[in-house]
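Asks: One file is attached below, my_file.txt, containing compact mmCIF, C-alpha atoms.
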```txt
# COMPACT_ATOMS: atom_id res chain seq x y z
CA MET A 1 -5.02 20.52 14.87
CA LYS A 2 -6.97 22.85 12.63
CA ASP A 3 -4.08 25.33 12.40
CA ASP A 4 -1.77 23.00 10.57
CA LEU A 5 -4.52 21.18 8.69
CA ALA A 6 -3.39 22.79 5.44
CA GLU A 7 0.24 21.82 6.05
CA LYS A 8 -0.68 18.22 6.81
CA VAL A 9 -2.78 18.06 3.66
CA LEU A 10 0.14 19.36 1.60
CA LYS A 11 2.16 16.44 2.96
CA GLY A 12 -0.57 13.99 1.96
CA ASP A 13 -1.69 13.04 5.49
CA ILE A 14 -4.74 10.78 5.04
CA ARG A 15 -6.62 11.72 8.20
CA ALA A 16 -5.99 15.42 7.65
CA ILE A 17 -7.35 15.19 4.09
CA ALA A 18 -10.41 13.29 5.33
CA ARG A 19 -11.04 15.76 8.15
CA PHE A 20 -10.56 18.75 5.89
CA ILE A 21 -13.13 17.41 3.44
CA SER A 22 -15.66 16.94 6.26
CA LEU A 23 -15.11 20.49 7.49
CA ALA A 24 -15.61 21.79 3.96
CA GLU A 25 -18.76 19.72 3.54
CA ASN A 26 -20.14 21.07 6.81
CA ASN A 27 -19.31 24.67 5.84
CA ASP A 28 -17.09 24.99 8.90
CA PRO A 29 -15.27 28.35 9.01
CA ALA A 30 -12.03 26.47 9.73
CA ALA A 31 -12.30 24.91 6.27
CA ALA A 32 -12.40 28.32 4.61
CA GLN A 33 -9.22 29.34 6.44
CA SER A 34 -7.37 26.23 5.31
CA MET A 35 -8.73 26.48 1.76
CA LYS A 36 -7.09 29.91 1.52
CA LYS A 37 -3.75 28.38 2.47
CA ILE A 38 -3.79 25.53 -0.02
CA HIS A 39 -4.93 27.44 -3.08
CA PRO A 40 -1.41 28.44 -4.20
CA HIS A 41 -0.48 24.74 -4.24
CA THR A 42 -3.26 23.68 -6.61
CA GLY A 43 -3.75 23.53 -10.35
CA LYS A 44 -1.50 20.65 -11.31
CA ALA A 45 -3.94 17.74 -11.28
CA HIS A 46 -5.93 16.56 -14.27
CA VAL A 47 -9.60 16.54 -13.25
CA ILE A 48 -11.64 13.92 -15.06
CA GLY A 49 -15.42 14.03 -14.74
CA ILE A 50 -17.49 10.92 -15.28
CA THR A 51 -21.21 11.15 -15.79
CA GLY A 52 -23.93 8.91 -17.18
CA VAL A 53 -27.19 7.20 -16.36
CA MET A 54 -27.70 5.02 -13.30
CA GLY A 55 -26.03 1.65 -13.62
CA SER A 56 -23.99 2.55 -16.69
CA GLY A 57 -20.82 1.42 -14.93
CA LYS A 58 -19.26 4.73 -13.89
CA SER A 59 -17.73 3.41 -10.66
CA THR A 60 -16.39 0.27 -12.32
CA LEU A 61 -14.87 2.37 -15.11
CA ILE A 62 -13.18 4.63 -12.56
CA CYS A 63 -11.79 1.58 -10.77
CA GLU A 64 -10.25 0.22 -13.98
CA LEU A 65 -8.96 3.61 -15.16
CA THR A 66 -7.39 4.13 -11.74
CA ARG A 67 -5.62 0.77 -11.88
CA LEU A 68 -4.05 1.79 -15.18
CA TYR A 69 -3.06 5.25 -13.97
CA ARG A 70 -1.49 3.63 -10.89
CA LYS A 71 0.59 1.43 -13.18
CA MET A 72 1.80 4.63 -14.80
CA GLY A 73 2.83 5.86 -11.35
CA LYS A 74 0.11 8.48 -11.00
CA LYS A 75 -1.51 9.24 -7.65
CA VAL A 76 -5.28 9.23 -7.81
CA GLY A 77 -8.09 10.94 -5.89
CA ILE A 78 -11.68 9.86 -6.42
CA VAL A 79 -14.75 11.75 -5.30
CA ALA A 80 -18.02 9.93 -5.88
CA VAL A 81 -21.36 11.62 -5.38
CA ASP A 82 -24.62 9.82 -4.62
CA PRO A 83 -28.03 11.37 -4.00
CA THR A 84 -29.13 12.63 -0.60
CA SER A 85 -32.71 11.73 0.30
CA PRO A 86 -34.92 14.81 0.07
CA PHE A 87 -37.07 13.36 2.86
CA SER A 88 -34.66 12.20 5.56
CA GLY A 89 -31.53 14.10 4.55
CA GLY A 90 -29.68 10.79 4.75
CA ALA A 91 -27.85 9.06 1.93
CA LEU A 92 -26.64 5.65 0.87
CA LEU A 93 -23.22 6.06 -0.65
CA GLY A 94 -22.43 2.87 -2.52
CA ASP A 95 -19.77 3.71 -5.08
CA ARG A 96 -16.97 2.16 -3.04
CA ILE A 97 -18.45 -1.31 -3.59
CA ARG A 98 -17.18 -1.25 -7.18
CA MET A 99 -13.76 0.02 -6.18
CA MET A 100 -12.80 -2.65 -3.66
CA GLU A 101 -9.63 -3.55 -5.52
CA LEU A 102 -8.28 -0.07 -4.80
CA ALA A 103 -8.99 -0.22 -1.08
CA MET A 104 -5.47 -1.00 0.08
CA ASP A 105 -3.54 1.31 -2.24
CA LYS A 106 -2.06 4.16 -0.18
CA ASP A 107 -1.89 6.39 -3.26
CA VAL A 108 -5.58 6.16 -4.01
CA PHE A 109 -7.96 8.24 -1.92
CA ILE A 110 -11.67 7.58 -2.32
CA ARG A 111 -14.28 9.84 -0.80
CA SER A 112 -18.06 9.42 -1.07
CA LEU A 113 -20.33 12.45 -0.78
CA GLY A 114 -24.09 12.99 -0.65
CA THR A 115 -25.60 15.71 -2.84
CA ARG A 116 -27.00 17.44 0.28
CA GLY A 117 -29.68 19.33 -1.58
CA MET A 118 -27.65 20.41 -4.62
CA LEU A 119 -29.15 19.76 -8.02
CA GLY A 120 -26.98 19.34 -11.08
CA GLY A 121 -25.55 15.93 -10.21
CA LEU A 122 -22.87 17.10 -7.77
CA THR A 123 -22.60 18.74 -4.35
CA SER A 124 -21.13 22.14 -3.65
CA ALA A 125 -18.27 20.64 -1.61
CA VAL A 126 -16.91 18.98 -4.76
CA TYR A 127 -15.02 22.17 -5.64
CA ASP A 128 -13.28 22.01 -2.26
CA VAL A 129 -12.54 18.30 -2.52
CA VAL A 130 -10.90 18.76 -5.91
CA GLU A 131 -8.68 21.53 -4.51
CA ILE A 132 -7.81 19.46 -1.44
CA PHE A 133 -6.88 16.38 -3.50
CA ASP A 134 -4.87 18.57 -5.86
CA ALA A 135 -2.96 20.20 -3.01
CA SER A 136 -2.28 16.81 -1.44
CA GLY A 137 -0.35 15.77 -4.52
CA LYS A 138 -2.82 13.76 -6.57
CA ASP A 139 -2.03 13.72 -10.29
CA ILE A 140 -5.42 12.49 -11.42
CA ILE A 141 -8.75 13.37 -9.81
CA PHE A 142 -11.92 11.55 -10.81
CA VAL A 143 -15.24 13.20 -10.10
CA GLU A 144 -18.18 10.81 -10.40
CA THR A 145 -21.62 12.38 -10.61
CA VAL A 146 -24.84 10.81 -9.40
CA GLY A 147 -26.63 8.71 -12.00
CA VAL A 148 -27.95 11.43 -14.28
CA GLY A 149 -31.03 11.97 -16.38
CA GLN A 150 -30.76 14.67 -18.97
CA ALA A 151 -29.93 17.97 -17.38
CA GLU A 152 -27.36 17.38 -14.64
CA VAL A 153 -24.46 19.09 -16.33
CA ASP A 154 -22.58 20.80 -13.48
CA ILE A 155 -19.68 18.43 -14.03
CA VAL A 156 -18.40 20.48 -17.00
CA LYS A 157 -17.73 23.38 -14.67
CA ILE A 158 -15.26 21.31 -12.65
CA ALA A 159 -13.73 18.76 -14.98
CA ASP A 160 -10.91 19.36 -17.45
CA THR A 161 -12.06 16.29 -19.34
CA THR A 162 -15.64 15.06 -19.16
CA LEU A 163 -16.56 11.48 -20.01
CA VAL A 164 -20.20 10.73 -20.75
CA VAL A 165 -20.97 7.04 -20.29
CA VAL A 166 -23.84 5.45 -22.16
CA VAL A 167 -24.86 1.81 -22.45
CA PRO A 168 -26.59 -0.21 -25.16
CA GLY A 169 -30.27 -0.86 -24.73
CA LEU A 170 -31.47 2.65 -23.99
CA GLY A 171 -33.19 2.54 -27.38
CA ASP A 172 -33.25 5.70 -29.38
CA SER A 173 -33.50 7.68 -26.17
CA ILE A 174 -30.06 9.06 -26.97
CA GLN A 175 -31.70 11.06 -29.70
CA THR A 176 -33.86 12.77 -27.15
CA LEU A 177 -30.83 13.64 -25.06
CA LYS A 178 -29.45 15.98 -27.69
CA ALA A 179 -29.51 18.89 -25.31
CA GLY A 180 -28.05 18.69 -21.83
CA VAL A 181 -25.96 15.69 -20.84
CA MET A 182 -25.26 14.59 -24.41
CA GLU A 183 -23.72 17.97 -25.21
CA ILE A 184 -21.03 18.01 -22.57
CA ALA A 185 -18.79 15.08 -23.50
CA ASP A 186 -15.12 15.44 -24.33
CA VAL A 187 -15.07 11.69 -24.79
CA TYR A 188 -18.07 9.38 -25.19
CA VAL A 189 -17.81 5.95 -23.63
CA VAL A 190 -20.17 3.19 -24.71
CA ASN A 191 -19.72 0.83 -21.76
CA LYS A 192 -21.05 -2.72 -21.48
CA ALA A 193 -20.20 -2.98 -25.18
CA ASP A 194 -20.59 -6.77 -25.07
CA ARG A 195 -24.34 -6.30 -24.83
CA PRO A 196 -26.78 -6.61 -27.72
CA GLY A 197 -27.61 -3.34 -29.40
CA VAL A 198 -24.12 -1.89 -29.17
CA GLU A 199 -23.96 -1.21 -32.93
CA GLN A 200 -27.13 0.83 -32.78
CA THR A 201 -25.90 2.79 -29.78
CA MET A 202 -22.55 3.47 -31.44
CA ALA A 203 -24.31 4.65 -34.60
CA GLU A 204 -26.57 6.96 -32.62
CA VAL A 205 -23.76 8.55 -30.66
CA GLU A 206 -21.52 8.87 -33.71
CA ASN A 207 -24.36 10.46 -35.60
CA LEU A 208 -24.77 12.95 -32.79
CA VAL A 209 -21.05 13.74 -32.87
CA ASP A 210 -21.12 14.26 -36.64
CA ILE A 211 -23.73 16.94 -36.30
CA ALA A 212 -22.36 18.54 -33.14
CA CYS A 213 -18.72 18.69 -34.23
CA ALA A 214 -19.28 19.68 -37.86
CA ASP A 215 -17.77 23.14 -37.39
CA LYS A 216 -15.22 22.30 -34.67
CA ASP A 217 -11.53 21.49 -34.92
CA ARG A 218 -11.84 18.48 -32.63
CA GLU A 219 -14.23 15.61 -33.15
CA THR A 220 -15.45 14.03 -29.91
CA PRO A 221 -14.23 10.43 -29.89
CA VAL A 222 -16.65 7.57 -29.20
CA LEU A 223 -15.08 4.56 -27.51
CA GLN A 224 -16.30 1.12 -26.55
CA THR A 225 -15.46 -0.44 -23.19
CA VAL A 226 -16.39 -3.46 -21.14
CA ALA A 227 -15.17 -2.17 -17.79
CA LYS A 228 -15.88 -5.38 -15.91
CA GLU A 229 -13.58 -7.30 -18.24
CA LYS A 230 -11.06 -4.46 -18.42
CA ARG A 231 -11.61 -4.08 -22.18
CA GLY A 232 -11.01 -0.74 -23.89
CA ILE A 233 -9.49 0.89 -20.80
CA LYS A 234 -6.05 1.51 -22.30
CA GLU A 235 -7.61 3.18 -25.35
CA LEU A 236 -9.74 5.33 -23.07
CA VAL A 237 -6.75 6.53 -21.08
CA ASP A 238 -5.01 7.39 -24.38
CA GLU A 239 -8.00 9.49 -25.46
CA ILE A 240 -8.14 11.25 -22.07
CA ASN A 241 -4.46 12.14 -22.33
CA LYS A 242 -4.91 13.27 -25.92
CA HIS A 243 -7.71 15.57 -24.79
CA ARG A 244 -5.51 17.08 -22.10
CA LYS A 245 -2.84 17.82 -24.73
CA TYR A 246 -5.48 19.34 -26.99
CA LEU A 247 -6.62 21.61 -24.15
CA GLU A 248 -3.09 22.79 -23.51
CA LYS A 249 -2.33 23.37 -27.18
CA THR A 250 -5.45 25.40 -27.85
CA LYS A 251 -5.30 27.44 -24.62
CA GLU A 252 -8.71 25.97 -23.79
CA PHE A 253 -7.15 24.70 -20.58
CA ASP A 254 -6.78 28.11 -18.97
CA LYS A 255 -10.22 29.11 -20.15
CA GLN A 256 -11.73 26.01 -18.58
CA ARG A 257 -9.90 26.51 -15.30
CA ARG A 258 -11.12 30.08 -15.17
CA MET A 259 -14.63 28.76 -15.67
CA ARG A 260 -14.18 26.40 -12.74
CA TYR A 261 -12.98 29.20 -10.48
CA GLU A 262 -15.92 31.30 -11.55
CA ALA A 263 -18.33 28.49 -10.67
CA GLU A 264 -16.58 28.02 -7.34
CA LEU A 265 -16.70 31.72 -6.57
CA VAL A 266 -20.41 31.86 -7.35
CA GLU A 267 -20.95 28.80 -5.14
CA ILE A 268 -19.09 30.31 -2.18
CA ILE A 269 -20.93 33.62 -2.43
CA LYS A 270 -24.26 31.85 -2.83
CA LYS A 271 -23.61 29.68 0.23
CA ARG A 272 -22.49 32.60 2.39
CA LEU A 273 -25.31 34.83 1.29
CA MET A 274 -27.96 32.17 1.83
CA SER A 275 -26.72 31.28 5.27
CA PHE A 276 -26.44 35.00 6.08
CA ILE A 277 -30.07 35.55 5.20
CA PHE A 278 -31.66 32.33 6.35
CA ASP A 279 -29.54 31.21 9.31
CA GLU A 280 -28.89 34.51 11.10
CA SER A 281 -31.42 35.25 13.79
CA THR A 282 -31.85 38.91 12.82
CA PHE A 283 -33.39 37.94 9.52
CA LYS A 284 -35.28 34.91 10.71
CA GLU A 285 -37.94 36.94 12.48
CA LYS A 286 -38.31 39.32 9.58
CA ILE A 287 -38.71 36.45 7.12
CA GLU A 288 -41.31 34.74 9.30
CA LYS A 289 -43.24 38.00 9.49
CA LEU A 290 -43.07 38.50 5.73
CA LEU A 291 -44.23 34.92 5.13
CA ASP A 292 -47.26 35.57 7.33
CA GLN A 293 -47.99 38.73 5.38
CA ILE A 294 -47.63 36.94 2.04
CA SER A 295 -50.03 34.24 3.23
CA ARG A 296 -52.55 36.90 4.19
CA LYS A 297 -52.07 38.57 0.78
CA GLU A 298 -50.90 41.77 2.41
CA VAL A 299 -47.53 41.54 0.68
CA ASP A 300 -46.45 39.75 -2.50
CA PRO A 301 -43.30 37.56 -2.69
CA TYR A 302 -41.46 40.00 -4.98
CA THR A 303 -41.92 42.95 -2.64
CA ALA A 304 -40.86 40.74 0.27
CA ALA A 305 -37.69 39.64 -1.54
CA GLU A 306 -36.84 43.25 -2.39
CA GLU A 307 -37.31 44.21 1.24
CA ILE A 308 -34.91 41.50 2.45
CA LEU A 309 -32.31 42.22 -0.24
CA GLY A 310 -32.65 45.94 0.44
CA LYS A 311 -31.48 45.36 4.00
CA ILE A 312 -28.30 43.66 2.78
CA LEU A 313 -27.49 45.90 -0.13
CA LYS A 314 -27.71 49.09 1.92
CA MET B 1 -22.75 24.55 9.85
CA THR B 2 -24.34 21.15 9.62
CA HIS B 3 -22.87 17.90 10.78
CA LYS B 4 -24.41 14.68 9.55
CA ILE B 5 -23.57 11.41 11.24
CA ARG B 6 -21.51 9.36 8.77
CA VAL B 7 -21.55 5.59 9.12
CA LEU B 8 -19.46 2.95 7.36
CA VAL B 9 -21.37 -0.32 6.99
CA ALA B 10 -19.14 -3.26 6.14
CA LYS B 11 -19.21 -7.02 6.05
CA PRO B 12 -15.91 -8.49 7.18
CA GLY B 13 -15.05 -12.08 6.35
CA LEU B 14 -16.43 -14.53 3.89
CA ASP B 15 -20.15 -14.96 4.44
CA GLY B 16 -22.36 -13.48 1.74
CA HIS B 17 -25.46 -12.77 3.80
CA ASP B 18 -25.83 -9.04 3.33
CA ARG B 19 -29.56 -8.56 3.72
CA GLY B 20 -29.26 -7.50 7.35
CA ALA B 21 -26.47 -5.04 6.57
CA LYS B 22 -28.53 -3.56 3.75
CA ILE B 23 -31.64 -3.18 5.90
CA VAL B 24 -29.65 -1.48 8.65
CA ALA B 25 -27.95 0.77 6.07
CA ARG B 26 -31.33 1.79 4.74
CA ALA B 27 -32.69 2.44 8.26
CA LEU B 28 -29.73 4.66 9.07
CA ARG B 29 -30.24 6.55 5.82
CA ASP B 30 -33.89 7.05 6.69
CA ALA B 31 -32.75 8.41 10.05
CA GLY B 32 -30.85 11.14 8.19
CA MET B 33 -27.38 9.62 8.34
CA GLU B 34 -24.90 9.30 5.48
CA VAL B 35 -24.12 5.63 5.04
CA VAL B 36 -21.04 4.50 3.14
CA TYR B 37 -21.75 0.92 2.12
CA THR B 38 -18.63 -1.05 1.23
CA GLY B 39 -20.10 -4.44 0.46
CA LEU B 40 -18.92 -7.98 1.08
CA HIS B 41 -15.64 -9.70 1.90
CA GLN B 42 -13.81 -6.89 3.62
CA THR B 43 -10.63 -7.32 5.62
CA ALA B 44 -10.01 -5.34 8.79
CA ASP B 45 -7.40 -3.30 6.91
CA MET B 46 -9.84 -2.39 4.16
CA ILE B 47 -12.51 -1.38 6.67
CA VAL B 48 -10.25 0.83 8.77
CA GLU B 49 -8.64 2.42 5.71
CA ALA B 50 -12.07 3.23 4.25
CA ALA B 51 -13.24 4.61 7.60
CA MET B 52 -10.24 6.95 7.67
CA GLN B 53 -10.73 8.23 4.12
CA GLU B 54 -14.47 8.66 4.57
CA ASP B 55 -13.99 10.34 7.98
CA VAL B 56 -16.92 8.42 9.46
CA ASP B 57 -18.24 8.79 13.00
CA VAL B 58 -19.35 5.16 13.21
CA ILE B 59 -18.27 1.78 11.86
CA GLY B 60 -21.03 -0.85 11.70
CA LEU B 61 -19.97 -4.45 11.10
CA SER B 62 -22.27 -7.28 10.09
CA LEU B 63 -21.21 -10.90 10.32
CA LEU B 64 -23.15 -14.15 10.27
CA SER B 65 -20.41 -16.72 9.84
CA GLY B 66 -19.36 -17.09 13.46
CA ALA B 67 -15.97 -15.48 13.00
CA HIS B 68 -16.86 -12.37 14.98
CA MET B 69 -14.46 -13.10 17.82
CA THR B 70 -11.61 -12.88 15.33
CA LEU B 71 -12.79 -10.31 12.81
CA PHE B 72 -14.66 -7.81 15.04
CA VAL B 73 -11.70 -7.83 17.40
CA ASP B 74 -9.26 -7.36 14.49
CA VAL B 75 -11.13 -4.24 13.43
CA ALA B 76 -11.29 -2.90 17.00
CA ARG B 77 -7.56 -3.40 17.56
CA LEU B 78 -6.58 -1.91 14.21
CA MET B 79 -8.75 1.13 14.95
CA LYS B 80 -6.87 1.65 18.19
CA LYS B 81 -3.55 1.23 16.44
CA LYS B 82 -4.48 3.80 13.80
CA GLY B 83 -5.77 6.25 16.39
CA LEU B 84 -9.46 6.09 15.49
CA ASP B 85 -10.43 6.56 19.13
CA ASP B 86 -13.20 8.98 18.23
CA VAL B 87 -15.01 6.49 16.00
CA LEU B 88 -17.85 4.43 17.47
CA LEU B 89 -17.71 0.71 16.64
CA VAL B 90 -20.86 -1.43 16.60
CA GLY B 91 -21.61 -4.90 15.28
CA GLY B 92 -24.49 -7.18 14.47
CA GLY B 93 -25.28 -10.69 13.30
CA ILE B 94 -25.45 -14.09 14.91
CA ILE B 95 -23.52 -13.38 18.10
CA PRO B 96 -23.95 -15.75 21.08
CA GLU B 97 -24.71 -13.90 24.30
CA GLY B 98 -21.65 -15.34 25.97
CA ASP B 99 -19.40 -13.54 23.50
CA VAL B 100 -20.92 -10.11 24.06
CA PRO B 101 -18.98 -9.11 27.23
CA LYS B 102 -15.67 -10.03 25.62
CA LEU B 103 -16.47 -8.06 22.48
CA LYS B 104 -17.52 -5.04 24.54
CA LYS B 105 -14.28 -5.21 26.44
CA GLU B 106 -12.40 -5.08 23.14
CA GLY B 107 -14.19 -1.87 22.20
CA ILE B 108 -17.22 -2.99 20.20
CA ALA B 109 -19.59 -0.65 21.98
CA GLY B 110 -22.90 -2.07 20.79
CA ILE B 111 -23.85 -5.59 19.72
CA PHE B 112 -27.18 -6.18 17.98
CA GLY B 113 -28.52 -9.68 17.38
CA PRO B 114 -31.49 -11.03 15.42
CA GLY B 115 -34.80 -9.37 16.27
CA THR B 116 -33.25 -5.99 17.05
CA HIS B 117 -35.46 -3.11 15.99
CA CYS B 118 -33.77 -0.66 13.63
CA GLU B 119 -34.80 2.24 15.89
CA GLU B 120 -32.78 0.68 18.66
CA ILE B 121 -29.63 0.84 16.52
CA VAL B 122 -30.39 4.41 15.40
CA ASP B 123 -30.91 5.52 19.01
CA PHE B 124 -27.76 3.80 20.19
CA ILE B 125 -25.68 5.51 17.52
CA ARG B 126 -27.18 8.94 18.19
CA LYS B 127 -26.53 8.62 21.91
CA ASN B 128 -23.02 7.22 21.69
CA VAL B 129 -21.44 8.92 18.70
CA LYS B 130 -18.21 10.50 19.86
CA LYS B 131 -17.45 13.33 17.47
```
Represent the supplied structure as structure tokens.
Replies:
Amino acid sequence: MKDDLAEKVLKGDIRAIARFISLAENNDPAAAQSMKKIHPHTGKAHVIGITGVMGSGKSTLICELTRLYRKMGKKVGIVAVDPTSPFSGGALLGDRIRMMELAMDKDVFIRSLGTRGMLGGLTSAVYDVVEIFDASGKDIIFVETVGVGQAEVDIVKIADTTLVVVVPGLGDSIQTLKAGVMEIADVYVVNKADRPGVEQTMAEVENLVDIACADKDRETPVLQTVAKEKRGIKELVDEINKHRKYLEKTKEFDKQRRMRYEAELVEIIKKRLMSFIFDESTFKEKIEKLLDQISRKEVDPYTAAEEILGKILK
Amino acid sequence: MTHKIRVLVAKPGLDGHDRGAKIVARALRDAGMEVVYTGLHQTADMIVEAAMQEDVDVIGLSLLSGAHMTLFVDVARLMKKKGLDDVLLVGGGIIPEGDVPKLKKEGIAGIFGPGTHCEEIVDFIRKNVKK
């Protein structure tokens, strides 16, 4: 089956796509082979990243946006990331709960992933999932990050358009988020805009935009939505499409894609190198020995690292 | 290469008692599994479709309304129809003992009633997972 996995994915076969994603997640060598085959068929989809604090309504927003894109005849892939427990290695992936209405649509593919040790709000397999969805013919790909704090900004490396979702009632905490998450938006979404305090939140975000975009040719729009009541969704889709056109007009699009491939390349090399050093038996013994020596203060960690790297770089 | 056991936990049918499902989901997570929780009011079609997309190794159903003979069996049959032979199916809830043999015959490999220890479910899944 693994031989024609790539071909089946290109035809949009659901089980093949699902299997392929698992292989990629598990770093199976078969996944790498198939990834090579699908790469020429990728690059058409619009990748939309959605990030924001826990409970800001990211999943619900994706559900509503997807319904609208489906009405426009677009095929949609959704990859939703939730945190993996650092203690058990397990995860509770609950983003599907908010997307129940999409469950029976054959042209919507939803996949939930655990972070599996990655920081930054995503998991390293996300790059693969985006490529797989793209090759399988999806027009729109949503990437939902874990509920973020301030610094989980990996989403910008993958998404063509990044939405940052905020909600009223976070007080003036937005001010403290000036660096990090609040810098990465292509579109700001103030969700749950029927809640008290929305004016203050709007003012704070708009103020932020004024300062940040003072010397840029595009001002980051700030939109209000009430995802649960399907309010503001049409306007949001319009802004997302406008951003895509802006990217294409200014050649930013190619630059951004190149950035994604760079991030993916780094991720692949990092993964391979780490597993080469830490999983191969030849190094395991050496590392154990060095760790003993470091503990006994016979060697310092820097010298030990140089010794290990020296063996590879020879 | 690392394979984690992936489990879909779903509540078919109309009852809204999801505490048991949530406790089991949490126990499976604590046992190092990745649990996709789909929530209430699922149809057999929704459950099997989600299981395919999520490429899970196990489907766990929870039902307290008494409709297990219909809904558990619906899921089992649809799984067979869709070729999910390599996915383990288990169920829990208020299931009379007399129904258990029939359910097992339909392909629900494990049935767990009230009072079951979470470790028992974890062990059963680890021992019986097919992939």
Asks: Could you write out as a PyMOL selection string the residues of chain A within 7 Å of chain B, counting all atoms listed in the file?
Replies: chain A and resi 14-15+18-19+26-28+88-94+96-97+103-104+109-112
Asks: Could the centre and edge lengths of an axis-aligned box, enclosing all atoms of range 250-265 of chain A in the file with 3 Å extra on each side, be given in Å to one decimal as lines of an AutoDock Vina configuration file?
Replies:
```
center_x = -11.8
center_y = 28.2
center_z = -17.2
size_x = 19.0
size_y = 13.0
size_z = 27.3
```
Asks: Interatomic distance between CA of Phe276 in chain A and CA of Ile312 in chain A?
Replies: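 Calculated distance between CA of Phe276 in chain A and CA of Ile312 in chain A is 9.5 Å.
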Asks: CA of Gly107 in chain B and CA of Ala76 in chain B are how many Å apart?
Replies: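 Between CA of Gly107 in chain B and CA of Ala76 in chain B the gap works out to 6.0 Å.
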Asks: One decimal, Å: what's the distance from CA of Lys11 in chain B over to CA of Ser62 in chain B, could you say?
Replies: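 CA of Ser62 in chain B lies at a distance of 5.1 Å from CA of Lys11 in chain B.
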Asks: At a cut-off of 12 Å around the point (-22.4, -2.0, -33.5) (file coordinates), what residues fall inside when counting all atoms listed in the file? I'd like the answer as a PDB file with C-alpha atoms, in the frame of the given file.
Replies:
```pdb
ATOM      1  CA  VAL A 167     -24.860   1.810 -22.450  1.00  0.00           C
ATOM      2  CA  PRO A 168     -26.590  -0.210 -25.160  1.00  0.00           C
ATOM      3  CA  GLY A 169     -30.270  -0.860 -24.730  1.00  0.00           C
ATOM      4  CA  VAL A 190     -20.170   3.190 -24.710  1.00  0.00           C
ATOM      5  CA  ALA A 193     -20.200  -2.980 -25.180  1.00  0.00           C
ATOM      6  CA  ASP A 194     -20.590  -6.770 -25.070  1.00  0.00           C
ATOM      7  CA  ARG A 195     -24.340  -6.300 -24.830  1.00  0.00           C
ATOM      8  CA  PRO A 196     -26.780  -6.610 -27.720  1.00  0.00           C
ATOM      9  CA  GLY A 197     -27.610  -3.340 -29.400  1.00  0.00           C
ATOM     10  CA  VAL A 198     -24.120  -1.890 -29.170  1.00  0.00           C
ATOM     11  CA  GLU A 199     -23.960  -1.210 -32.930  1.00  0.00           C
ATOM     12  CA  GLN A 200     -27.130   0.830 -32.780  1.00  0.00           C
ATOM     13  CA  THR A 201     -25.900   2.790 -29.780  1.00  0.00           C
ATOM     14  CA  MET A 202     -22.550   3.470 -31.440  1.00  0.00           C
ATOM     15  CA  ALA A 203     -24.310   4.650 -34.600  1.00  0.00           C
ATOM     16  CA  GLU A 204     -26.570   6.960 -32.620  1.00  0.00           C
ATOM     17  CA  VAL A 205     -23.760   8.550 -30.660  1.00  0.00           C
ATOM     18  CA  GLU A 206     -21.520   8.870 -33.710  1.00  0.00           C
ATOM     19  CA  VAL A 222     -16.650   7.570 -29.200  1.00  0.00           C
ATOM     20  CA  LEU A 223     -15.080   4.560 -27.510  1.00  0.00           C
ATOM     21  CA  GLN A 224     -16.300   1.120 -26.550  1.00  0.00           C
TER      22      GLN A 224
END
```
Asks: Just the residues within 8 Å of Ser136 in chain A, please, counting all atoms listed in the file, with nothing from its chain fewer than 3 positions along; format it as a PDB file with C-alpha atoms, in the frame of the given file.
Replies:
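Written file, selection.pdb:
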```pdb
ATOM      1  CA  VAL A   9      -2.780  18.060   3.660  1.00  0.00           C
ATOM      2  CA  LEU A  10       0.140  19.360   1.600  1.00  0.00           C
ATOM      3  CA  LYS A  11       2.160  16.440   2.960  1.00  0.00           C
ATOM      4  CA  GLY A  12      -0.570  13.990   1.960  1.00  0.00           C
ATOM      5  CA  ASP A  13      -1.690  13.040   5.490  1.00  0.00           C
ATOM      6  CA  ILE A  17      -7.350  15.190   4.090  1.00  0.00           C
ATOM      7  CA  ILE A 132      -7.810  19.460  -1.440  1.00  0.00           C
ATOM      8  CA  PHE A 133      -6.880  16.380  -3.500  1.00  0.00           C
TER       9      PHE A 133
END
```
Asks: Can you tell me, as a list of chain:residue names, what residues are no more than 10 Å from Gly110 in chain B when counting all atoms listed in the file, ignoring any on the same chain fewer than 4 positions away?
Replies: B:Gly60, B:Leu88, B:Leu89, B:Val90, B:Gly91, B:Gly92, B:Val100, B:Leu103, B:Lys104, B:Ile121, B:Phe124, B:Ile125, B:Asn128
Asks: Can you tell me, as a list in words, which residues sit within 8 Å of (-10.3, -3.0, 13.0) in the file's frame, using all atoms listed in the file?
Replies: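 Collected hits near the coordinates: Ala44, Asp45, Ile47, Val48, Leu71, Phe72, Val73, Asp74, Val75, Ala76, Arg77, Leu78, Met79 and Lys80 of chain B.
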Asks: For range 155-159 of chain A, supply N, CA and C atoms and format the output as a short mmCIF file (atom, residue, chain, number, x, y, z; two decimals), keeping the file's coordinate frame.
Replies:
```cif
data_model
loop_
_atom_site.label_atom_id
_atom_site.label_comp_id
_atom_site.auth_asym_id
_atom_site.auth_seq_id
_atom_site.Cartn_x
_atom_site.Cartn_y
_atom_site.Cartn_z
N ILE A 155 -20.99 19.04 -13.96
CA ILE A 155 -19.68 18.43 -14.03
C ILE A 155 -18.73 19.18 -14.98
N VAL A 156 -19.28 19.76 -16.05
CA VAL A 156 -18.40 20.48 -17.00
C VAL A 156 -17.72 21.67 -16.36
N LYS A 157 -18.33 22.21 -15.30
CA LYS A 157 -17.73 23.38 -14.67
C LYS A 157 -16.48 23.00 -13.89
N ILE A 158 -16.38 21.74 -13.49
CA ILE A 158 -15.26 21.31 -12.65
C ILE A 158 -14.20 20.54 -13.42
N ALA A 159 -14.65 19.69 -14.33
CA ALA A 159 -13.73 18.76 -14.98
C ALA A 159 -12.95 19.40 -16.12
#
```
